[in-house]
>>> print(open('final_10.txt').read())   # compact mmCIF, C-alpha atoms and all ligand atoms
# COMPACT_ATOMS: atom_id res chain seq x y z
CA MET Q 1 -10.21 -18.90 -8.62
CA GLN Q 2 -7.52 -16.73 -10.22
CA GLU Q 3 -8.84 -13.72 -8.30
CA TRP Q 4 -8.50 -15.65 -5.02
CA ALA Q 5 -4.99 -16.73 -5.94
CA GLU Q 6 -4.06 -13.08 -6.54
CA LYS Q 7 -5.56 -12.05 -3.20
CA ALA Q 8 -3.72 -14.87 -1.43
CA SER Q 9 -0.39 -13.82 -2.97
CA VAL Q 10 -0.96 -10.20 -1.85
CA LEU Q 11 -1.66 -11.46 1.67
CA ILE Q 12 1.44 -13.65 1.71
CA GLU Q 13 3.57 -10.66 0.66
CA ALA Q 14 1.98 -8.50 3.36
CA LEU Q 15 2.45 -11.10 6.12
CA PRO Q 16 5.92 -10.03 7.38
CA TYR Q 17 4.72 -6.42 7.62
CA ILE Q 18 1.52 -7.49 9.38
CA GLN Q 19 3.68 -9.31 11.95
CA ARG Q 20 5.98 -6.27 12.31
CA PHE Q 21 3.19 -3.76 12.90
CA ALA Q 22 0.58 -5.82 14.79
CA GLY Q 23 -0.40 -4.07 18.03
CA LYS Q 24 1.40 -0.85 17.02
CA THR Q 25 -0.28 2.54 16.91
CA MET Q 26 -0.45 4.47 13.66
CA VAL Q 27 -1.67 8.06 13.46
CA ILE Q 28 -3.10 8.89 10.05
CA LYS Q 29 -3.72 12.52 9.23
CA TYR Q 30 -6.20 12.85 6.42
CA GLY Q 31 -5.79 16.31 4.94
CA GLY Q 32 -8.64 18.27 3.42
CA SER Q 33 -6.60 18.60 0.23
CA ALA Q 34 -6.51 14.81 -0.15
CA MET Q 35 -10.25 14.38 0.40
CA GLY Q 36 -10.98 15.18 -3.26
CA GLY Q 37 -9.36 11.77 -4.02
CA PRO Q 38 -10.72 8.26 -3.38
CA PHE Q 39 -12.36 9.05 -0.02
CA GLU Q 40 -14.05 5.71 0.73
CA GLN Q 41 -10.99 3.78 -0.48
CA VAL Q 42 -8.80 5.59 2.07
CA ILE Q 43 -11.22 4.60 4.85
CA LEU Q 44 -11.27 0.99 3.55
CA ASP Q 45 -7.46 0.94 3.63
CA ILE Q 46 -7.53 2.14 7.26
CA ILE Q 47 -10.03 -0.63 8.06
CA TRP Q 48 -7.64 -3.06 6.37
CA LEU Q 49 -4.81 -1.86 8.63
CA LYS Q 50 -7.06 -2.33 11.66
CA GLN Q 51 -7.95 -5.85 10.59
CA ALA Q 52 -4.22 -6.54 10.25
CA GLY Q 53 -3.85 -5.76 13.98
CA ILE Q 54 -2.67 -2.13 13.74
CA ARG Q 55 -4.25 0.47 16.06
CA PRO Q 56 -5.18 3.37 13.76
CA VAL Q 57 -5.97 6.87 15.02
CA VAL Q 58 -7.41 9.23 12.40
CA VAL Q 59 -6.91 12.99 12.63
CA HIS Q 60 -8.54 14.93 9.83
CA GLY Q 61 -8.27 18.38 8.30
CA GLY Q 62 -10.66 20.20 6.03
CA GLY Q 63 -9.09 23.59 5.38
CA LYS Q 64 -10.45 23.82 1.82
CA GLU Q 65 -14.00 23.01 2.92
CA ILE Q 66 -13.83 25.61 5.72
CA SER Q 67 -12.70 28.21 3.18
CA SER Q 68 -15.57 27.47 0.78
CA PHE Q 69 -18.07 27.52 3.68
CA LEU Q 70 -16.70 30.90 4.78
CA GLN Q 71 -16.88 32.14 1.19
CA ARG Q 72 -20.61 31.35 1.15
CA LEU Q 73 -20.93 33.43 4.33
CA GLN Q 74 -18.92 36.13 2.52
CA VAL Q 75 -16.15 35.93 5.12
CA GLU Q 76 -12.66 36.19 3.69
CA SER Q 77 -10.05 33.56 4.66
CA ARG Q 78 -6.64 34.85 5.66
CA PHE Q 79 -3.58 32.73 6.40
CA VAL Q 80 -0.34 33.66 8.15
CA ASP Q 81 2.49 31.09 8.01
CA GLY Q 82 -0.01 28.50 6.76
CA LEU Q 83 -2.40 29.10 9.70
CA ARG Q 84 -5.92 30.51 9.41
CA VAL Q 85 -6.44 33.79 11.23
CA THR Q 86 -9.46 32.85 13.36
CA ASP Q 87 -11.96 35.35 14.79
CA GLY Q 88 -15.18 34.34 16.60
CA GLU Q 89 -17.23 33.99 13.42
CA THR Q 90 -14.53 31.94 11.72
CA MET Q 91 -14.25 29.71 14.81
CA ASN Q 92 -17.98 28.92 14.58
CA ALA Q 93 -17.55 27.92 10.94
CA VAL Q 94 -14.45 25.82 11.77
CA GLU Q 95 -16.39 23.94 14.43
CA MET Q 96 -19.38 23.35 12.14
CA VAL Q 97 -17.30 22.09 9.24
CA LEU Q 98 -14.56 20.14 11.07
CA GLY Q 99 -16.46 18.88 14.13
CA GLY Q 100 -19.73 18.55 12.19
CA SER Q 101 -19.90 17.55 8.57
CA ILE Q 102 -16.37 16.24 7.87
CA ASN Q 103 -15.97 14.36 11.15
CA LYS Q 104 -19.35 12.68 10.79
CA ARG Q 105 -18.81 11.90 7.09
CA ILE Q 106 -15.66 9.97 8.04
CA ALA Q 107 -17.31 8.20 11.01
CA ALA Q 108 -20.32 7.27 8.84
CA THR Q 109 -18.02 5.79 6.17
CA PHE Q 110 -16.36 3.59 8.80
CA TYR Q 111 -19.81 2.54 10.05
CA LYS Q 112 -21.05 1.80 6.52
CA ASN Q 113 -18.11 -0.54 6.05
CA GLY Q 114 -18.62 -2.40 9.32
CA ALA Q 115 -15.92 -0.78 11.48
CA ALA Q 116 -16.49 0.87 14.85
CA ALA Q 117 -15.31 4.46 14.81
CA VAL Q 118 -15.98 7.29 17.22
CA GLY Q 119 -15.91 10.81 15.80
CA LEU Q 120 -14.89 13.48 18.28
CA THR Q 121 -13.11 16.80 18.52
CA GLY Q 122 -10.15 17.56 20.75
CA VAL Q 123 -12.63 19.18 23.14
CA ASP Q 124 -14.22 15.83 24.04
CA GLY Q 125 -12.62 14.26 27.09
CA GLY Q 126 -10.13 17.15 27.12
CA LEU Q 127 -8.33 15.26 24.38
CA LEU Q 128 -6.39 18.30 23.10
CA LYS Q 129 -5.52 20.85 25.78
CA VAL Q 130 -4.32 24.01 24.09
CA ARG Q 131 -3.29 27.61 24.66
CA GLN Q 132 -3.52 30.56 22.29
CA LYS Q 133 -0.63 30.31 19.83
CA ARG Q 134 -0.17 33.96 18.89
CA GLN Q 135 -2.23 37.09 19.50
CA ASP Q 136 -2.29 38.07 15.80
CA LEU Q 137 -3.80 34.70 14.79
CA GLY Q 138 -6.82 35.10 17.08
CA GLN Q 139 -8.40 31.84 18.24
CA VAL Q 140 -5.65 29.54 16.96
CA GLY Q 141 -4.42 27.04 19.52
CA GLU Q 142 -1.20 25.17 20.07
CA VAL Q 143 -1.36 21.83 21.83
CA VAL Q 144 -0.11 21.82 25.42
CA SER Q 145 -1.03 18.22 26.21
CA VAL Q 146 -2.89 15.21 24.85
CA ASN Q 147 -5.19 13.03 26.99
CA HIS Q 148 -3.59 9.79 25.80
CA ASP Q 149 -5.29 7.68 28.50
CA PHE Q 150 -8.61 8.53 26.90
CA LEU Q 151 -7.30 7.56 23.47
CA ASP Q 152 -5.86 4.31 24.87
CA GLN Q 153 -9.28 3.45 26.30
CA LEU Q 154 -10.88 3.91 22.89
CA LEU Q 155 -8.15 1.91 21.15
CA ASN Q 156 -8.33 -0.88 23.74
CA ALA Q 157 -12.09 -1.06 23.11
CA GLY Q 158 -11.33 -1.74 19.43
CA VAL Q 159 -12.63 1.62 18.29
CA VAL Q 160 -11.02 3.88 15.67
CA PRO Q 161 -10.85 7.42 17.07
CA VAL Q 162 -11.62 10.01 14.37
CA ILE Q 163 -10.44 13.38 15.67
CA ALA Q 164 -11.26 16.89 14.46
CA PRO Q 165 -8.46 19.34 15.37
CA ILE Q 166 -10.24 21.64 17.79
CA GLY Q 167 -8.73 22.13 21.23
CA VAL Q 168 -9.85 23.55 24.55
CA ASP Q 169 -8.07 25.66 27.18
CA GLU Q 170 -8.49 25.50 30.96
CA ASN Q 171 -11.31 28.07 30.79
CA GLY Q 172 -13.27 25.99 28.31
CA VAL Q 173 -12.49 28.29 25.38
CA ARG Q 174 -12.26 26.39 22.07
CA TYR Q 175 -9.46 26.96 19.58
CA ASN Q 176 -8.78 26.12 15.95
CA VAL Q 177 -5.72 23.87 15.72
CA ASN Q 178 -3.89 23.14 12.49
CA ALA Q 179 -4.64 19.49 11.70
CA ASP Q 180 -0.98 18.59 11.06
CA SER Q 181 0.03 20.05 14.44
CA ALA Q 182 -2.79 18.13 16.17
CA ALA Q 183 -1.76 14.88 14.46
CA GLY Q 184 1.91 15.47 15.31
CA ALA Q 185 1.11 16.11 18.99
CA ILE Q 186 -1.10 13.01 19.18
CA ALA Q 187 1.50 10.81 17.43
CA GLY Q 188 4.18 12.10 19.81
CA ALA Q 189 2.06 11.57 22.92
CA LEU Q 190 1.15 8.02 21.88
CA HIS Q 191 4.76 7.25 20.85
CA ALA Q 192 3.21 6.07 17.62
CA GLU Q 193 5.06 3.64 15.40
CA LYS Q 194 4.10 5.79 12.42
CA LEU Q 195 2.63 9.17 11.67
CA VAL Q 196 1.40 9.33 8.09
CA LEU Q 197 0.27 12.65 6.64
CA LEU Q 198 -1.98 12.16 3.61
CA THR Q 199 -2.03 15.23 1.39
CA ASP Q 200 -2.41 16.16 -2.30
CA VAL Q 201 1.25 16.09 -3.36
CA PRO Q 202 3.54 13.03 -3.62
CA GLY Q 203 5.72 14.30 -0.75
CA ILE Q 204 8.11 17.19 -0.17
CA MET Q 205 9.04 18.55 -3.60
CA ARG Q 206 12.03 20.63 -4.67
CA ASP Q 207 12.47 22.69 -7.82
CA THR Q 208 15.55 21.61 -9.77
CA ALA Q 209 16.96 22.47 -13.22
CA ASN Q 210 15.10 19.36 -14.47
CA GLY Q 211 11.75 20.35 -12.95
CA LYS Q 212 10.10 19.30 -9.68
CA GLN Q 213 11.69 16.44 -7.81
CA ILE Q 214 10.38 14.47 -4.81
CA LEU Q 215 12.68 14.05 -1.81
CA ASN Q 216 12.47 10.46 -0.55
CA GLN Q 217 14.02 11.44 2.79
CA VAL Q 218 14.65 14.77 4.51
CA THR Q 219 16.54 15.72 7.65
CA PRO Q 220 15.72 18.68 9.98
CA LYS Q 221 18.67 20.62 8.52
CA GLN Q 222 17.45 20.11 4.93
CA ILE Q 223 13.95 21.18 5.99
CA GLN Q 224 15.35 24.38 7.49
CA GLN Q 225 17.25 25.09 4.26
CA LEU Q 226 14.21 24.41 2.06
CA ILE Q 227 12.10 26.82 4.16
CA GLU Q 228 14.81 29.50 3.98
CA GLU Q 229 15.11 29.04 0.18
CA GLY Q 230 11.32 29.43 -0.19
CA GLN Q 231 10.98 25.84 -1.48
CA ILE Q 232 8.72 24.80 1.40
CA THR Q 233 5.83 27.26 1.73
CA GLY Q 234 2.15 27.60 2.74
CA GLY Q 235 0.47 24.53 4.23
CA MET Q 236 3.70 22.51 3.93
CA VAL Q 237 5.33 24.65 6.67
CA PRO Q 238 3.08 23.51 9.58
CA LYS Q 239 3.29 20.00 8.11
CA VAL Q 240 7.07 19.70 8.36
CA GLU Q 241 7.07 21.41 11.77
CA ALA Q 242 4.51 18.85 12.98
CA CYS Q 243 6.67 16.01 11.64
CA LEU Q 244 9.73 17.20 13.55
CA GLN Q 245 7.75 17.77 16.75
CA ALA Q 246 6.23 14.29 16.54
CA LEU Q 247 9.68 12.72 16.15
CA GLN Q 248 11.10 14.73 19.05
CA ALA Q 249 8.17 13.72 21.26
CA GLY Q 250 8.55 10.01 20.56
CA ALA Q 251 6.87 9.04 17.27
CA LYS Q 252 9.13 6.51 15.53
CA HIS Q 253 8.58 7.10 11.80
CA VAL Q 254 6.98 9.99 9.95
CA HIS Q 255 5.88 10.09 6.31
CA ILE Q 256 4.22 12.57 3.97
CA LEU Q 257 2.39 11.02 1.02
CA ASN Q 258 -0.26 11.57 -1.60
CA GLY Q 259 -3.63 10.45 -0.24
CA GLU Q 260 -5.09 10.76 -3.73
CA GLU Q 261 -2.89 7.94 -4.99
CA PRO Q 262 -4.73 4.59 -4.87
CA HIS Q 263 -3.77 2.58 -1.76
CA ALA Q 264 -1.02 5.04 -0.80
CA LEU Q 265 -1.31 3.99 2.85
CA LEU Q 266 -0.98 0.29 2.12
CA LEU Q 267 1.98 0.90 -0.20
CA GLU Q 268 3.70 2.83 2.58
CA VAL Q 269 3.06 0.27 5.30
CA PHE Q 270 3.33 -2.99 3.39
CA THR Q 271 6.38 -2.41 1.15
CA ASP Q 272 10.03 -2.00 2.10
CA LYS Q 273 10.55 0.89 -0.30
CA GLY Q 274 7.45 2.79 0.86
CA ILE Q 275 6.32 5.90 -0.99
CA GLY Q 276 6.37 9.64 -0.43
CA THR Q 277 8.83 11.49 1.80
CA MET Q 278 10.15 10.09 5.05
CA VAL Q 279 11.11 12.75 7.58
CA ILE Q 280 14.12 11.77 9.65
CA GLY Q 281 14.42 13.10 13.19
CA GLY Q 282 17.39 13.25 15.51
CA ASN Q 283 20.03 15.94 15.60
CA PRO Q 284 18.62 19.21 14.19
CA ASN Q 285 22.02 20.03 12.66
CA GLU Q 286 22.11 16.87 10.53
N1 LIG Q 301 8.10 21.89 -1.04
C1 LIG Q 301 6.81 21.57 -1.16
N2 LIG Q 301 6.49 20.31 -1.57
C2 LIG Q 301 5.19 19.94 -1.73
N3 LIG Q 301 4.14 20.76 -1.49
C3 LIG Q 301 4.39 22.01 -1.08
C4 LIG Q 301 5.73 22.46 -0.88
N4 LIG Q 301 5.67 23.75 -0.44
C5 LIG Q 301 4.39 24.08 -0.40
N5 LIG Q 301 3.59 23.04 -0.76
C6 LIG Q 301 2.13 23.11 -0.79
O1 LIG Q 301 1.61 22.44 0.35
C7 LIG Q 301 0.34 21.90 -0.03
C8 LIG Q 301 -0.11 20.89 1.02
O2 LIG Q 301 -0.52 21.57 2.19
P1 LIG Q 301 -2.08 21.81 2.47
O3 LIG Q 301 -2.73 22.42 1.27
O4 LIG Q 301 -2.20 22.51 3.76
O5 LIG Q 301 -2.56 20.30 2.52
P2 LIG Q 301 -3.44 19.48 3.58
O6 LIG Q 301 -4.84 19.91 3.40
O7 LIG Q 301 -3.19 18.07 3.15
O8 LIG Q 301 -2.88 19.79 4.94
C9 LIG Q 301 0.58 21.37 -1.41
O9 LIG Q 301 -0.60 21.22 -2.16
C10 LIG Q 301 1.51 22.41 -2.01
O10 LIG Q 301 0.78 23.40 -2.71
C1 LIG Q 302 -5.20 27.02 12.51
C2 LIG Q 302 -5.56 26.42 11.20
O1 LIG Q 302 -5.05 26.82 10.16
N1 LIG Q 302 -6.47 25.42 11.23
C3 LIG Q 302 -6.91 24.74 10.05
C4 LIG Q 302 -7.64 23.48 10.50
C5 LIG Q 302 -7.98 22.56 9.35
C6 LIG Q 302 -6.73 22.00 8.68
O2 LIG Q 302 -5.61 22.08 9.16
O3 LIG Q 302 -7.05 21.36 7.50
P1 LIG Q 302 -6.01 20.82 6.42
O4 LIG Q 302 -5.22 19.74 7.04
O5 LIG Q 302 -6.91 20.32 5.35
O6 LIG Q 302 -5.16 21.97 5.95
C7 LIG Q 302 -7.87 25.63 9.21
O7 LIG Q 302 -8.61 26.40 9.79
O8 LIG Q 302 -7.84 25.49 7.98
>>> encode(input="final_10.txt", output="C-alpha cells", more="lines below")
Ligand SMILES: Nc1ncnc2c1ncn2[C@@H]1O[C@H](COP(=O)(O)OP(=O)(O)O)[C@@H](O)[C@H]1O
Ligand SMILES: CC(=O)N[C@@H](CCC(=O)OP(=O)(O)O)C(=O)O
Amino acid sequence: MQEWAEKASVLIEALPYIQRFAGKTMVIKYGGSAMGGPFEQVILDIIWLKQAGIRPVVVHGGGKEISSFLQRLQVESRFVDGLRVTDGETMNAVEMVLGGSINKRIAATFYKNGAAAVGLTGVDGGLLKVRQKRQDLGQVGEVVSVNHDFLDQLLNAGVVPVIAPIGVDENGVRYNVNADSAAGAIAGALHAEKLVLLTDVPGIMRDTANGKQILNQVTPKQIQQLIEEGQITGGMVPKVEACLQALQAGAKHVHILNGEEPHALLLEVFTDKGIGTMVIGGNPNE
C-alpha cells in the first residue's frame, strides 16, 4: 500500500509536466559513452516518456564500441576534431556496429519491455541525406537534409524510431555521421521541443581554482570561449556544435546530461530545476 502511495505521489508531481509535454517531440541522443551505465533503465525511462504522451525519437552513438571492434581487426582509430577518420574498411565496421549490433540491441530492449520501436539507419527511407564533410576525414558525412515526413509517419503510427547515424548521398554512397550531429539535425528538422544528449559526464564542465565545475547554462559566446581556452575538447566539440545547430534550426530546448545517472531523463523532463547543462541559443554574440 505504501509503495502505491509513493508511486501515486510521484505521478501527481509529474502531472503538470506530462500536460506540458504531451504530444511534443523529444529527440534523445544516447551516446556510446553512456551505454556503460544502466542501459535497460534508460530505455524504460524513454518508454515512460512515451506513455506520458511524448513522441520520443532515439538517435544513438557507439564510438567506443566501434573503436574496440576496430582494435580487434587491428585497425587503428584516428580522430580529428572529435570525428573519426573513416576509410572504406572503417566504414564497414561502423555500419556493422552502429547499424547492426547496437541498433538492434536497443530495438530489442524496447520490444522486450512491450514498446514498438523500429531500428533503422539514416540510409533507410533516405532519412539522413548527407554530403562528404571534409576530404581529410574520408567517408564522414554532414547532414544536408532530414526526411521528416518519414519520421512523422513512424511517430504517428505510435512507433519509437531508433536511428543509427549513417547517412547516404545522392549516389547511394554511405557515410559515417557523428551521432551528436545527426541528433542535432533531426531535432532541428522536427522542431523538437527538446533535444537531450545523454553522455558520461554531468554536463559541460569547466576547470576552476576549486576544481571542476558544471555549467548549468551556456550561451554560444561562452561555448566559443571555452573551445578557444581548450576547456571544451574531443567529443564535446561536435556535441556543442550540434546543440547550437539544433537551436538555430528550430529545436526549442537543448540539454547535455549524464546518461549514467539513474533516471537522468526523467529528472530533466519532470522537474523545474532539471539537471545537466542547458544550451541557450539565440544571438551568437551573447
Ligand atoms: N568541457 C567539457 N566538459 C565535459 N566533458 C568534456 C569537456 N571537454 C571534453 N569533454 C569530454 O567529452 C566526453 C564526451 O564526449 P564523447 O566521449 O564523444 O561522448 P558520447 O559518446 O556521449 O558522444 C567526456 O567524457 C569528456 O571526456
Ligand atoms: C564521424 C564520427 O566520428 N562518427 C562516430 C559515430 C558514432 C558516434 O558518434 O558515437 P558517440 O556518440 O558514442 O561518440 C564514430 O565513428 O565514432
>>> closest_atom_pairs(input="final_10.txt", of="chain Q", to="ligand LIG 302 (chain Q)", cutoff="6 Å", atoms="all atoms listed in the file", output="JSON lines")
{"residue": "Q:Gly31", "atom": "CA", "partner": "Q:LIG302", "partner_atom": "O4", "distance": 4.1}
{"residue": "Q:Gly32", "atom": "CA", "partner": "Q:LIG302", "partner_atom": "O5", "distance": 3.3}
{"residue": "Q:Ser33", "atom": "CA", "partner": "Q:LIG302", "partner_atom": "O5", "distance": 5.4}
{"residue": "Q:Gly61", "atom": "CA", "partner": "Q:LIG302", "partner_atom": "O3", "distance": 3.3}
{"residue": "Q:Gly62", "atom": "CA", "partner": "Q:LIG302", "partner_atom": "O5", "distance": 3.8}
{"residue": "Q:Gly63", "atom": "CA", "partner": "Q:LIG302", "partner_atom": "O8", "distance": 3.5}
{"residue": "Q:Leu83", "atom": "CA", "partner": "Q:LIG302", "partner_atom": "O1", "distance": 3.5}
{"residue": "Q:Arg84", "atom": "CA", "partner": "Q:LIG302", "partner_atom": "O1", "distance": 3.9}
{"residue": "Q:Val140", "atom": "CA", "partner": "Q:LIG302", "partner_atom": "C1", "distance": 5.1}
{"residue": "Q:Asn176", "atom": "CA", "partner": "Q:LIG302", "partner_atom": "C1", "distance": 5.0}
{"residue": "Q:Val177", "atom": "CA", "partner": "Q:LIG302", "partner_atom": "C1", "distance": 4.5}
{"residue": "Q:Asn178", "atom": "CA", "partner": "Q:LIG302", "partner_atom": "N1", "distance": 3.7}
{"residue": "Q:Ala179", "atom": "CA", "partner": "Q:LIG302", "partner_atom": "O2", "distance": 3.8}
{"residue": "Q:Asp180", "atom": "CA", "partner": "Q:LIG302", "partner_atom": "O4", "distance": 6.0}
>>> closest_atom_pairs(input="final_10.txt", of="chain Q", to="ligand LIG 301 (chain Q)", cutoff="6 Å", atoms="all atoms listed in the file", output="CSV")
residue,atom,partner,partner_atom,distance
Q:Gly31,CA,Q:LIG301,O7,3.6
Q:Gly32,CA,Q:LIG301,O6,4.1
Q:Ser33,CA,Q:LIG301,O6,3.9
Q:Ala34,CA,Q:LIG301,O7,5.7
Q:Gly63,CA,Q:LIG301,O6,6.0
Q:Thr199,CA,Q:LIG301,O7,3.5
Q:Asp200,CA,Q:LIG301,O9,5.4
Q:Val201,CA,Q:LIG301,O9,5.6
Q:Gly203,CA,Q:LIG301,C2,5.7
Q:Ile204,CA,Q:LIG301,N2,3.8
Q:Met205,CA,Q:LIG301,N2,3.7
Q:Arg206,CA,Q:LIG301,N1,5.5
Q:Gln231,CA,Q:LIG301,N1,4.9
Q:Ile232,CA,Q:LIG301,N4,3.7
Q:Thr233,CA,Q:LIG301,C5,4.1
Q:Gly234,CA,Q:LIG301,C5,5.2
Q:Gly235,CA,Q:LIG301,O4,3.4
Q:Met236,CA,Q:LIG301,O1,4.1
>>> closest_residue(input="final_10.txt", among="Q:Leu244, Q:Ile47, Q:Leu266, Q:Ile28", to="Gly114 of chain Q", atoms="only C-alpha atoms")
Q:Ile47
>>> atom_distance(input="final_10.txt", atom1="atom CA of Gly141 of chain Q", atom2="atom CA of Tyr175 of chain Q")
5.0 Å
>>> atom_distance(input="final_10.txt", atom1="atom CA of Lys239 of chain Q", atom2="atom CA of Thr121 of chain Q")
19.7 Å
>>> atom_distance(input="final_10.txt", atom1="atom CA of Ala246 of chain Q", atom2="atom CA of Pro202 of chain Q")
20.4 Å
>>> closest_residue(input="final_10.txt", among="Q:Ala52, Q:Ile256, Q:Leu98, Q:Val218", to="Ala22 of chain Q", atoms="only C-alpha atoms")
Q:Ala52
>>> residues_around(input="final_10.txt", residues="Glu40 of chain Q", least_positions_apart="5", cutoff="12 Å", atoms="only C-alpha atoms", output="number ranges by chain")
Q: 34-35, 45-47, 105-113, 259-260, 262-263
>>> closest_residue(input="final_10.txt", among="Q:Gly100, Q:Gly276, Q:Gly211, Q:Pro38", to="Glu65 of chain Q", atoms="only C-alpha atoms")
Q:Gly100
>>> residues_around(input="final_10.txt", residues="Val162 of chain Q", least_positions_apart="3", cutoff="8 Å", atoms="all atoms listed in the file", output="list in words")
Val57, Val58, Val59, His60, Asn103, Ile106, Ala107, Ala117, Val118, Gly119 and Leu120 of chain Q
>>> residues_around(input="final_10.txt", residues="Met91 of chain Q", least_positions_apart="3", cutoff="12 Å", atoms="only C-alpha atoms", output="VMD selection string")
chain Q and resid 66 to 67 69 to 70 75 77 84 to 88 94 to 99 137 to 141 165 to 167 173 to 177
>>> residues_around(input="final_10.txt", residues="Leu155 of chain Q", least_positions_apart="6", cutoff="10 Å", atoms="only C-alpha atoms", output="VMD selection string")
chain Q and resid 25 55 to 57 117 149 161
